[in-house]
Amino acid sequence: MTNALCSTSCGELSTLPTNYFNCITYTRKYDYKYFVLKKCDYQFTNILSPAEWTAAEASGDIITSPPGVLTLPTPEQTVIDIDGDTKVVADITYTINFITYQVSQGDNADCMFFKALYENASSYVLMWYDNISGDERWYIQDDWIDEIALGGTASVTGTSPGFKFSVTQIPHWQAGEANKGQWATQFQIEADGMLCYTHIPGAAAAIEAASLAS
């Protein structure tokens, strides 16, 4: 199999960036606690502005999930043989599992949240982040990651930073550990390639604070 990066049969040669290894073994903890839903018709003017995230959460254009555990199993994919020499990965589907022990107290707000999520999923796009190390690694669409990396306006006209998604396991109440119940659901997104993250400092703190204040 010829590596697609080095293939001389078609396409242009690409250059990999310099190896990031710096003689220091550095590992990173893994902890996705929240997913974030953005209304399809809401457009960021500056995704790097914490104030804009706060305002969007307050207006209901962004909804933050209750804290829980979000996991991504190995993605499903199809490998296509282009010409007997070059193979490419296509039809990539990512599954996202979410469970939470967090419930409402004294009412059925937790049930109504997941019911509304299931019934209105097509009106939102999905994002998620990891902030266990304090550096806010956000998983969003590639064109937004590129815009941020290039130091642009941090807004991409006509596209959304979030991923279109389907609810592939209806939200449901199930038995957890220590005789505690938990909510569980599952999403699927389709992507053109590998999921990558970018740093959006202050966004997570802003929406979590706004969510708690609402």
# chains A, B, ... in the order shown; residues from 1 in each chain; ligands from 1
>>> select_by_dssp(residues="region 7-187 of chain A", states="strand (DSSP E or B)", output="PyMOL selection string")
chain A and resi 32-39+62-64+69-71+76-81+86-100+124-130+137-139+163+165-175+181-187
>>> residues_around(residues="Val167 (chain A)", least_positions_apart="3", cutoff="12 Å", atoms="only C-alpha atoms", output="PDB file with N, CA and C atoms, in the first residue's frame")
ATOM      1  N   THR A  95     -19.147   7.824  16.808  1.00  0.00           N
ATOM      2  CA  THR A  95     -20.184   7.614  17.810  1.00  0.00           C
ATOM      3  C   THR A  95     -19.769   8.293  19.108  1.00  0.00           C
ATOM      4  N   ILE A  96     -20.702   8.985  19.711  1.00  0.00           N
ATOM      5  CA  ILE A  96     -20.440   9.697  20.964  1.00  0.00           C
ATOM      6  C   ILE A  96     -21.420   9.196  22.014  1.00  0.00           C
ATOM      7  N   ASN A  97     -20.893   8.636  23.073  1.00  0.00           N
ATOM      8  CA  ASN A  97     -21.718   8.138  24.176  1.00  0.00           C
ATOM      9  C   ASN A  97     -21.687   9.139  25.331  1.00  0.00           C
ATOM     10  N   PHE A  98     -22.835   9.327  25.959  1.00  0.00           N
ATOM     11  CA  PHE A  98     -22.896  10.252  27.088  1.00  0.00           C
ATOM     12  C   PHE A  98     -23.758   9.658  28.189  1.00  0.00           C
ATOM     13  N   PHE A 114     -33.754  16.030  28.306  1.00  0.00           N
ATOM     14  CA  PHE A 114     -33.388  14.988  27.349  1.00  0.00           C
ATOM     15  C   PHE A 114     -34.510  14.729  26.340  1.00  0.00           C
ATOM     16  N   LYS A 115     -35.747  14.917  26.750  1.00  0.00           N
ATOM     17  CA  LYS A 115     -36.861  14.779  25.811  1.00  0.00           C
ATOM     18  C   LYS A 115     -36.780  15.848  24.725  1.00  0.00           C
ATOM     19  N   ALA A 116     -36.515  17.095  25.137  1.00  0.00           N
ATOM     20  CA  ALA A 116     -36.391  18.189  24.174  1.00  0.00           C
ATOM     21  C   ALA A 116     -35.181  17.987  23.266  1.00  0.00           C
ATOM     22  N   LEU A 117     -34.093  17.488  23.821  1.00  0.00           N
ATOM     23  CA  LEU A 117     -32.910  17.195  23.009  1.00  0.00           C
ATOM     24  C   LEU A 117     -33.243  16.180  21.920  1.00  0.00           C
ATOM     25  N   TYR A 118     -33.926  15.119  22.286  1.00  0.00           N
ATOM     26  CA  TYR A 118     -34.275  14.080  21.322  1.00  0.00           C
ATOM     27  C   TYR A 118     -35.209  14.616  20.232  1.00  0.00           C
ATOM     28  N   GLU A 119     -36.166  15.424  20.618  1.00  0.00           N
ATOM     29  CA  GLU A 119     -37.175  15.888  19.671  1.00  0.00           C
ATOM     30  C   GLU A 119     -36.692  17.037  18.790  1.00  0.00           C
ATOM     31  N   ASN A 120     -35.637  17.745  19.213  1.00  0.00           N
ATOM     32  CA  ASN A 120     -35.200  18.942  18.487  1.00  0.00           C
ATOM     33  C   ASN A 120     -33.755  18.882  18.018  1.00  0.00           C
ATOM     34  N   ALA A 121     -33.185  17.685  17.957  1.00  0.00           N
ATOM     35  CA  ALA A 121     -31.773  17.543  17.612  1.00  0.00           C
ATOM     36  C   ALA A 121     -31.427  18.159  16.261  1.00  0.00           C
ATOM     37  N   SER A 122     -32.355  18.099  15.314  1.00  0.00           N
ATOM     38  CA  SER A 122     -32.068  18.611  13.971  1.00  0.00           C
ATOM     39  C   SER A 122     -31.919  20.122  13.927  1.00  0.00           C
ATOM     40  N   TYR A 124     -30.037  21.805  16.027  1.00  0.00           N
ATOM     41  CA  TYR A 124     -28.797  22.143  16.711  1.00  0.00           C
ATOM     42  C   TYR A 124     -27.610  21.440  16.065  1.00  0.00           C
ATOM     43  N   VAL A 125     -26.428  21.963  16.337  1.00  0.00           N
ATOM     44  CA  VAL A 125     -25.184  21.278  16.004  1.00  0.00           C
ATOM     45  C   VAL A 125     -24.439  21.007  17.306  1.00  0.00           C
ATOM     46  N   LEU A 126     -23.516  20.070  17.247  1.00  0.00           N
ATOM     47  CA  LEU A 126     -22.878  19.527  18.451  1.00  0.00           C
ATOM     48  C   LEU A 126     -21.400  19.886  18.505  1.00  0.00           C
ATOM     49  N   LYS A 164     -23.265  18.505  12.596  1.00  0.00           N
ATOM     50  CA  LYS A 164     -24.602  17.953  12.510  1.00  0.00           C
ATOM     51  C   LYS A 164     -24.576  16.549  13.116  1.00  0.00           C
ATOM     52  N   ILE A 170     -31.943   6.571  21.983  1.00  0.00           N
ATOM     53  CA  ILE A 170     -32.864   7.489  22.631  1.00  0.00           C
ATOM     54  C   ILE A 170     -32.443   7.704  24.087  1.00  0.00           C
ATOM     55  N   PRO A 171     -32.456   8.952  24.567  1.00  0.00           N
ATOM     56  CA  PRO A 171     -32.115   9.181  25.977  1.00  0.00           C
ATOM     57  C   PRO A 171     -32.999   8.329  26.883  1.00  0.00           C
ATOM     58  N   HIS A 172     -32.373   7.705  27.865  1.00  0.00           N
ATOM     59  CA  HIS A 172     -33.141   6.806  28.730  1.00  0.00           C
ATOM     60  C   HIS A 172     -32.523   6.774  30.126  1.00  0.00           C
ATOM     61  N   ALA A 184     -28.619   8.179  29.970  1.00  0.00           N
ATOM     62  CA  ALA A 184     -27.678   7.736  28.941  1.00  0.00           C
ATOM     63  C   ALA A 184     -28.257   8.022  27.562  1.00  0.00           C
ATOM     64  N   THR A 185     -27.389   8.404  26.638  1.00  0.00           N
ATOM     65  CA  THR A 185     -27.809   8.613  25.258  1.00  0.00           C
ATOM     66  C   THR A 185     -26.597   8.444  24.355  1.00  0.00           C
ATOM     67  N   GLN A 186     -26.835   8.473  23.052  1.00  0.00           N
ATOM     68  CA  GLN A 186     -25.757   8.267  22.080  1.00  0.00           C
ATOM     69  C   GLN A 186     -26.036   9.121  20.847  1.00  0.00           C
ATOM     70  N   PHE A 187     -24.967   9.721  20.317  1.00  0.00           N
ATOM     71  CA  PHE A 187     -25.057  10.519  19.104  1.00  0.00           C
ATOM     72  C   PHE A 187     -24.132   9.936  18.039  1.00  0.00           C
ATOM     73  N   GLN A 188     -24.396  10.304  16.796  1.00  0.00           N
ATOM     74  CA  GLN A 188     -23.475  10.000  15.710  1.00  0.00           C
ATOM     75  C   GLN A 188     -23.275  11.248  14.874  1.00  0.00           C
ATOM     76  N   ILE A 189     -22.020  11.463  14.473  1.00  0.00           N
ATOM     77  CA  ILE A 189     -21.708  12.536  13.540  1.00  0.00           C
ATOM     78  C   ILE A 189     -20.911  11.940  12.390  1.00  0.00           C
TER      79      ILE A 189
END
>>> closest_residue(among="A:Gln43, A:Thr15, A:Thr64, A:Asn108", to="Ala206 (chain A)", atoms="only C-alpha atoms")
A:Thr64
>>> atom_distance(atom1="CA of Ser160 (chain A)", atom2="CA of Gly202 (chain A)")
19.6 Å
>>> select_by_dssp(residues="region 4-214 of chain A", states="helix (DSSP H, G or I)", output="ChimeraX atom specification")
/A:50-59,109-123,142-149,177-179,203-213
>>> atom_distance(atom1="CA of Ala204 (chain A)", atom2="CA of Ser166 (chain A)")
23.6 Å
>>> residues_around(residues="Asp130 (chain A)", least_positions_apart="4", cutoff="6 Å", atoms="only C-alpha atoms", output="PyMOL selection string")
chain A and resi 31-32+136-137
>>> write_last_selection(atoms="N, CA and C atoms", output="PDB file, in the first residue's frame")
ATOM      1  N   ASP A  31     -10.693  13.716  29.740  1.00  0.00           N
ATOM      2  CA  ASP A  31     -11.891  13.916  30.544  1.00  0.00           C
ATOM      3  C   ASP A  31     -12.866  14.841  29.820  1.00  0.00           C
ATOM      4  N   TYR A  32     -13.796  14.260  29.066  1.00  0.00           N
ATOM      5  CA  TYR A  32     -14.866  15.042  28.454  1.00  0.00           C
ATOM      6  C   TYR A  32     -16.067  14.989  29.393  1.00  0.00           C
ATOM      7  N   GLU A 136      -8.673  24.044  27.674  1.00  0.00           N
ATOM      8  CA  GLU A 136      -9.883  24.147  26.857  1.00  0.00           C
ATOM      9  C   GLU A 136      -9.674  23.687  25.412  1.00  0.00           C
ATOM     10  N   ARG A 137      -9.608  22.393  25.245  1.00  0.00           N
ATOM     11  CA  ARG A 137      -9.465  21.821  23.901  1.00  0.00           C
ATOM     12  C   ARG A 137     -10.862  21.546  23.336  1.00  0.00           C
TER      13      ARG A 137
END
>>> closest_residue(among="A:Asn179, A:Gln174, A:Ser155, A:Ser123", to="Ile47 (chain A)", atoms="only C-alpha atoms")
A:Ser155
>>> residues_around(residues="Asp146 (chain A)", least_positions_apart="3", cutoff="12 Å", atoms="only C-alpha atoms", output="list of chain:residue names")
A:Ile140, A:Gln141, A:Asp142, A:Asp143, A:Ala149, A:Leu150, A:Gly151, A:Gly152, A:Thr153, A:Ala154, A:Ser155, A:Val156, A:Pro161, A:Cys196, A:Tyr197, A:Thr198, A:His199
>>> write_last_selection(atoms="C-alpha atoms", output="PDB file, in the first residue's frame")
ATOM      1  CA  ILE A 140     -15.135  21.807  16.217  1.00  0.00           C
ATOM      2  CA  GLN A 141     -15.174  21.822  12.410  1.00  0.00           C
ATOM      3  CA  ASP A 142     -11.862  21.966  10.536  1.00  0.00           C
ATOM      4  CA  ASP A 143     -12.487  25.252   8.720  1.00  0.00           C
ATOM      5  CA  ALA A 149      -4.793  28.879  13.623  1.00  0.00           C
ATOM      6  CA  LEU A 150      -4.278  31.531  10.928  1.00  0.00           C
ATOM      7  CA  GLY A 151      -5.171  34.314  13.371  1.00  0.00           C
ATOM      8  CA  GLY A 152      -8.204  35.393  11.365  1.00  0.00           C
ATOM      9  CA  THR A 153     -11.488  36.907  12.442  1.00  0.00           C
ATOM     10  CA  ALA A 154     -12.441  33.740  14.329  1.00  0.00           C
ATOM     11  CA  SER A 155     -15.652  33.524  12.319  1.00  0.00           C
ATOM     12  CA  VAL A 156     -16.328  31.560   9.142  1.00  0.00           C
ATOM     13  CA  PRO A 161     -18.314  25.329  14.116  1.00  0.00           C
ATOM     14  CA  CYS A 196      -9.061  17.650  15.752  1.00  0.00           C
ATOM     15  CA  TYR A 197      -9.251  20.252  18.480  1.00  0.00           C
ATOM     16  CA  THR A 198      -8.351  23.886  18.979  1.00  0.00           C
ATOM     17  CA  HIS A 199      -7.956  26.069  22.039  1.00  0.00           C
TER      18      HIS A 199
END
>>> atom_distance(atom1="CA of Gly162 (chain A)", atom2="CA of Gly134 (chain A)")
21.3 Å
>>> residues_around(residues="Ala209 (chain A)", least_positions_apart="6", cutoff="10 Å", atoms="only C-alpha atoms", output="PyMOL selection string")
chain A and resi 54+57+203
>>> closest_residue(among="A:Ile92, A:Cys111, A:Ala191, A:Ile24", to="Thr78 (chain A)", atoms="only C-alpha atoms")
A:Ile92
>>> closest_residue(among="A:Tyr20, A:Phe35, A:Trp138, A:Tyr94", to="Asp192 (chain A)", atoms="only C-alpha atoms")
A:Tyr94
>>> closest_residue(among="A:Asp110, A:Asp135, A:Asp81, A:Glu76", to="Trp183 (chain A)", atoms="only C-alpha atoms")
A:Asp110
>>> decode(residues="region 158-178 of chain A", atoms="N, CA and C atoms", output="short mmCIF file (atom, residue, chain, number, x, y, z; two decimals), in the first residue's frame")
data_model
loop_
_atom_site.label_atom_id
_atom_site.label_comp_id
_atom_site.auth_asym_id
_atom_site.auth_seq_id
_atom_site.Cartn_x
_atom_site.Cartn_y
_atom_site.Cartn_z
N GLY A 158 -21.11 31.43 6.70
CA GLY A 158 -21.83 30.40 5.98
C GLY A 158 -21.62 28.99 6.49
N THR A 159 -20.80 28.81 7.51
CA THR A 159 -20.58 27.48 8.08
C THR A 159 -20.73 27.55 9.59
N SER A 160 -20.87 26.40 10.19
CA SER A 160 -21.03 26.31 11.64
C SER A 160 -19.82 25.63 12.26
N PRO A 161 -19.41 26.03 13.45
CA PRO A 161 -18.31 25.33 14.12
C PRO A 161 -18.71 23.94 14.62
N GLY A 162 -20.01 23.73 14.79
CA GLY A 162 -20.47 22.45 15.33
C GLY A 162 -20.74 21.42 14.25
N PHE A 163 -20.98 20.19 14.69
CA PHE A 163 -21.24 19.06 13.80
C PHE A 163 -22.72 18.73 13.78
N LYS A 164 -23.27 18.51 12.60
CA LYS A 164 -24.60 17.95 12.51
C LYS A 164 -24.58 16.55 13.12
N PHE A 165 -25.62 16.19 13.83
CA PHE A 165 -25.61 14.92 14.54
C PHE A 165 -26.98 14.28 14.53
N SER A 166 -26.98 13.00 14.80
CA SER A 166 -28.22 12.23 14.96
C SER A 166 -28.21 11.60 16.34
N VAL A 167 -29.37 11.53 16.96
CA VAL A 167 -29.51 10.79 18.22
C VAL A 167 -29.76 9.34 17.86
N THR A 168 -28.77 8.49 18.08
CA THR A 168 -28.86 7.09 17.66
C THR A 168 -29.20 6.13 18.80
N GLN A 169 -29.27 6.67 20.00
CA GLN A 169 -29.80 5.91 21.13
C GLN A 169 -30.67 6.87 21.93
N ILE A 170 -31.94 6.57 21.98
CA ILE A 170 -32.86 7.49 22.63
C ILE A 170 -32.44 7.70 24.09
N PRO A 171 -32.46 8.95 24.57
CA PRO A 171 -32.11 9.18 25.98
C PRO A 171 -33.00 8.33 26.88
N HIS A 172 -32.37 7.70 27.87
CA HIS A 172 -33.14 6.81 28.73
C HIS A 172 -32.52 6.77 30.13
N TRP A 173 -33.35 6.42 31.07
CA TRP A 173 -32.96 6.31 32.48
C TRP A 173 -32.57 4.86 32.73
N GLN A 174 -31.41 4.65 33.33
CA GLN A 174 -30.94 3.29 33.53
C GLN A 174 -30.22 3.17 34.87
N ALA A 175 -29.99 1.94 35.28
CA ALA A 175 -29.30 1.69 36.55
C ALA A 175 -27.82 1.97 36.41
N GLY A 176 -27.28 2.71 37.37
CA GLY A 176 -25.85 2.95 37.44
C GLY A 176 -25.25 2.21 38.63
N GLU A 177 -24.14 2.71 39.11
CA GLU A 177 -23.46 2.08 40.24
C GLU A 177 -24.06 2.57 41.56
N ALA A 178 -23.84 1.79 42.60
CA ALA A 178 -24.26 2.14 43.96
C ALA A 178 -25.76 2.44 44.04
#
